[in-house]
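Worksheet: the structure to be examined is printed underneath.
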Amino acid sequence: MLAEAIFFSAVLFTIGVIGVLTRRNAIIIFMCVELMLNAVNLSFVAFARAYGVAGQVFVFFVMTVAAAEAAVGLAIIIAMFRHKQTVNLQNINILKG
Amino acid sequence: MNFMTHLDLSFPAQLSLALLPDLLLMGGAMILLLWAAWRPESARHQRSVGAACLGLIVLTTIAIGWFMYRHVTATPGPIAVDRFRWIADLVLLLGTAGTIALSMDYNEREGIFAPESHVLILLATSGMMLLAAARDLMIVFLGIETMSVATYVLAGMNRRSPRSAEAAMKYFLLGAFSTAFLLYGMALVYGATGATNLSVIGDRVMRFGLTTSPLLLTGIALMLVGFGFKVAAAPFHMWAPDVYEGAPTPITGYMAAAVKAAAFAAFLRIWYEAFTPVYASWHNAVWWLAAVTMAVGNIIALRQRDLKRLLAYSSIAHAGYLLVALTVNSPAGSEAFLFYAFVYTIATMGSFAVVVALGDPGERSLNVDDYAGLWTVRPWLAVAMAVFMLALLGFPVFGGAGFFAKWYVIRAALQAPSPHWKLAVILVLTSVISAGYYLYVVMVMFMRPRVASAAIPARSRGLTGFVIAASAVLLIVLGFFPERLVRLTEGSAPYGALTVPATSSAVPLPSLPPARR
């Protein structure tokens, strides 16, 4: 049971990483980051079955913080959209990188 | 033992007492936030909120001074009560005070009316202080997020500037991405050891022979990637130059100095307290991270002509020097780290203060060539900038304490149980490379003639001028009396580190020895 959950969370995390690295839309990148966070939550919950409640408490913190981060992040993306009328990172390159 | 000098962290009241400086700053910032939002936005209100924030920083510093003066100790628990934490706090508060002073002037000049931005800096700092105190992965996570989420907003504070918005978005996406790595690493470390407390993790790794556990090693590697992003170590530094360039200048200074120092403080404490038993496994990875960061930061900085980008790459290079202190993994390494962080924070705040002083509305003239002949029009500003550049370079005497900062890191590397002489050689060589851009700035200011059409920069405003003067004087004075700062950092290695991990959480730690003389 534990091994399956860990494997699944690793797969989920990898999908998230690949999404962040390949997609160019800020919203989709952010969604992939959320996917990575959920993979983390899954493994915490799975480990918490073996080790006790600390992992579950961690999950609550992660969810709370992810919500706060989403609020700030979407506000920043909207601020960007107001300037450039796009959230595609390929078109957002004033700062030479 | 006296109740006030030895805290038992299993009691909530005493735990809160151990967190007093952090709670003071957080609570005060909440009240100031209400006040900042209460009154209509105006330049005057913004200034008074800024002044109140500076006052709150002074109060917090006094609280920390009290803890240091009484040599308060505590039982092992989720937060640390040790000199490492207090000195890291002092470094962070110094950087924060400089940032708020600078942004009070900067916001007025750029026409930003956001009194809550000063309070947001305080909230980010409260997260940083939590990071310096954290002895539990949960608290590390909360501290890093409190710090980062506030800093994302600060980077995009100038809402009318598309550059600022772009910087905020890049910082946010990369920051969230790196947090996910960090968290996954934490989850795997928790899975391998069944604990989130740093000393318990170290203890269990040792006792249960987990040093080759793939789960633990993968977790450490992922956490290394996460921290690599947070401290902008190469090859995870790509976001830093763009973000530093686009963010408002005082906030760039804040990110280069305080945010980096705070992330490093947690980085160092986790690696020293929890992962020392697996030193053999992570040593090579961190060694290469340090070497590559020093090389990449310094070499790319040579090509930069935009001062903010130049300082961004310089801050990447300095992350490499700090990583050397981490690789050493000895008490001398952690002392050298604190000394370095102190000096680096002062020099960085000072140089960004000069950038603020010489910038004009809209931040256009930030090219190094705009500084040509500064000596002839604003001699004191040129002298101060030269001091900061030489301090970052690590030049003796004129660079003040910068020389000793590098000296102590090199000494720690060479005197470690297993001497890192190769790393020390790389540090010296890359420092020589860094002379190529630091001295270039000095040369341009003093030896190039002033372009005739260039406007004479306005006299710097009061607070900016004060930050510049105070940083330069402090650097020079500490350069003559480095032993003052050494005595402060002495015996400040995170406790539990490098000694036999506490076998039982009930064993009280020995009280810290009083500072000599």
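Numbering starts fresh at 1 for the residues of each chain in the structure tokens, the chains themselves are lettered A, B, ... in the order given, and ligands are numbered from 1 as they appear.
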
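Those residues of chain B that fall within 7 Å of chain A when using only C-alpha atoms read Met138, Val149, Pro162, Arg163, Ala165, Glu166, Ala168, Met169, Phe172, Leu173, Ala176, Phe177, Ala180, Leu183, Tyr184, Ala187, Gly191, Gly194, Asp242 and Gly246 of chain B.
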
Write out as a PyMOL selection string each polymer residue whose atoms come within 8 Å of Leu198 (chain B), counting only C-alpha atoms; drop sequence neighbours fewer than 3 positions from it.
-> chain B and resi 135-137+195+201-202+270+273-274

Extract, using only C-alpha atoms, all DNA, RNA and protein residues at most 10 Å from Thr249 (chain B), discarding same-chain residues fewer than 6 positions from it, and format them as a PyMOL selection string.
-> chain B and resi 99+102-103+106+155+255+308+352-353+355-356+359+363

I need the residues from that last selection saved to file as a compact mmCIF listing (two decimals), in the first residue's frame (with all heavy atoms), if you can.
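Wrote part-v8.txt, looks like this:
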```txt
# COMPACT_ATOMS: atom_id res chain seq x y z
N THR B 99 16.53 48.29 4.23
CA THR B 99 15.56 48.25 3.13
C THR B 99 14.41 49.22 3.36
O THR B 99 14.00 49.94 2.44
CB THR B 99 14.98 46.83 3.01
OG1 THR B 99 16.06 45.91 3.00
CG2 THR B 99 14.17 46.69 1.76
N LEU B 102 15.51 52.76 2.83
CA LEU B 102 15.69 53.06 1.42
C LEU B 102 14.35 53.18 0.71
O LEU B 102 14.13 54.08 -0.10
CB LEU B 102 16.51 51.97 0.73
CG LEU B 102 17.99 51.91 1.05
CD1 LEU B 102 18.65 50.84 0.21
CD2 LEU B 102 18.63 53.25 0.78
N SER B 103 13.42 52.25 1.01
CA SER B 103 12.17 52.31 0.24
C SER B 103 11.31 53.49 0.67
O SER B 103 10.46 53.93 -0.10
CB SER B 103 11.40 50.98 0.33
OG SER B 103 11.24 50.57 1.63
N TYR B 106 12.72 55.85 -1.77
CA TYR B 106 12.52 55.36 -3.14
C TYR B 106 11.06 55.49 -3.56
O TYR B 106 10.74 55.96 -4.64
CB TYR B 106 12.98 53.92 -3.21
CG TYR B 106 12.80 53.26 -4.55
CD1 TYR B 106 13.78 53.32 -5.50
CD2 TYR B 106 11.63 52.55 -4.84
CE1 TYR B 106 13.62 52.72 -6.73
CE2 TYR B 106 11.47 51.94 -6.06
CZ TYR B 106 12.46 52.02 -7.00
OH TYR B 106 12.30 51.42 -8.21
N ALA B 155 8.30 42.35 -4.89
CA ALA B 155 8.98 42.48 -6.18
C ALA B 155 8.07 43.18 -7.19
O ALA B 155 8.55 43.90 -8.07
CB ALA B 155 9.39 41.11 -6.70
N MET B 255 16.37 41.34 -1.34
CA MET B 255 16.46 39.95 -1.80
C MET B 255 17.89 39.48 -1.81
O MET B 255 18.19 38.34 -1.46
CB MET B 255 15.85 39.83 -3.20
CG MET B 255 14.35 40.00 -3.20
SD MET B 255 13.60 39.48 -4.72
CE MET B 255 14.03 40.78 -5.82
N LYS B 308 22.40 46.82 -11.62
CA LYS B 308 21.59 45.89 -10.84
C LYS B 308 21.86 44.45 -11.24
O LYS B 308 21.90 43.55 -10.41
CB LYS B 308 20.10 46.22 -10.99
CG LYS B 308 19.63 47.23 -9.97
CD LYS B 308 18.30 47.80 -10.34
CE LYS B 308 17.15 47.11 -9.64
NZ LYS B 308 15.86 47.77 -9.98
N PHE B 352 23.39 48.94 -2.84
CA PHE B 352 22.07 49.22 -3.42
C PHE B 352 21.57 50.61 -3.00
O PHE B 352 20.82 51.25 -3.74
CB PHE B 352 21.07 48.13 -3.04
CG PHE B 352 21.15 46.94 -3.93
CD1 PHE B 352 21.82 45.80 -3.52
CD2 PHE B 352 20.61 46.95 -5.19
CE1 PHE B 352 21.92 44.70 -4.34
CE2 PHE B 352 20.71 45.86 -6.03
CZ PHE B 352 21.37 44.72 -5.59
N ALA B 353 22.00 51.07 -1.83
CA ALA B 353 21.64 52.43 -1.42
C ALA B 353 22.24 53.44 -2.39
O ALA B 353 21.60 54.43 -2.75
CB ALA B 353 22.11 52.70 0.00
N VAL B 355 22.87 52.83 -5.52
CA VAL B 355 22.08 52.72 -6.76
C VAL B 355 20.78 53.51 -6.62
O VAL B 355 20.35 54.20 -7.55
CB VAL B 355 21.79 51.24 -7.09
CG1 VAL B 355 20.92 51.14 -8.32
CG2 VAL B 355 23.08 50.48 -7.29
N VAL B 356 20.16 53.44 -5.42
CA VAL B 356 18.93 54.22 -5.19
C VAL B 356 19.26 55.71 -5.25
O VAL B 356 18.55 56.50 -5.89
CB VAL B 356 18.31 53.87 -3.81
CG1 VAL B 356 17.21 54.85 -3.47
CG2 VAL B 356 17.78 52.46 -3.81
N GLY B 359 19.86 56.73 -8.92
CA GLY B 359 18.83 56.46 -9.90
C GLY B 359 17.93 57.68 -10.07
O GLY B 359 17.83 58.51 -9.17
N GLU B 363 13.97 54.70 -13.11
CA GLU B 363 15.13 53.82 -13.06
C GLU B 363 15.78 53.66 -14.42
O GLU B 363 15.91 52.55 -14.91
CB GLU B 363 14.73 52.43 -12.54
CG GLU B 363 14.09 52.45 -11.21
CD GLU B 363 14.57 51.29 -10.39
OE1 GLU B 363 14.40 50.16 -10.82
OE2 GLU B 363 15.14 51.52 -9.32
```

Could you tell me how far CA of Gly297 (chain B) lies from CA of Gly320 (chain B), in Å and to one decimal?
->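 Distance between the two atoms: 8.1 Å.
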
Could you write out, as a PyMOL selection string, all the residues of region 165-348 of chain B that DSSP marks as alpha helix (DSSP H)?
-> chain B and resi 165-193+198-207+214-230+239-246+249-254+260-273+279-301+307-328+331-348

Got a sec: who's within 9 Å of Leu366 (chain B), counting only C-alpha atoms, leaving out chain neighbours fewer than 4 positions off, as a list in words?
->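 My list of contacting residues is Arg305, Asp306, Leu307, Lys308, Val355, Leu358, Gly359, Asp360, Asp370 and Tyr371 of chain B.
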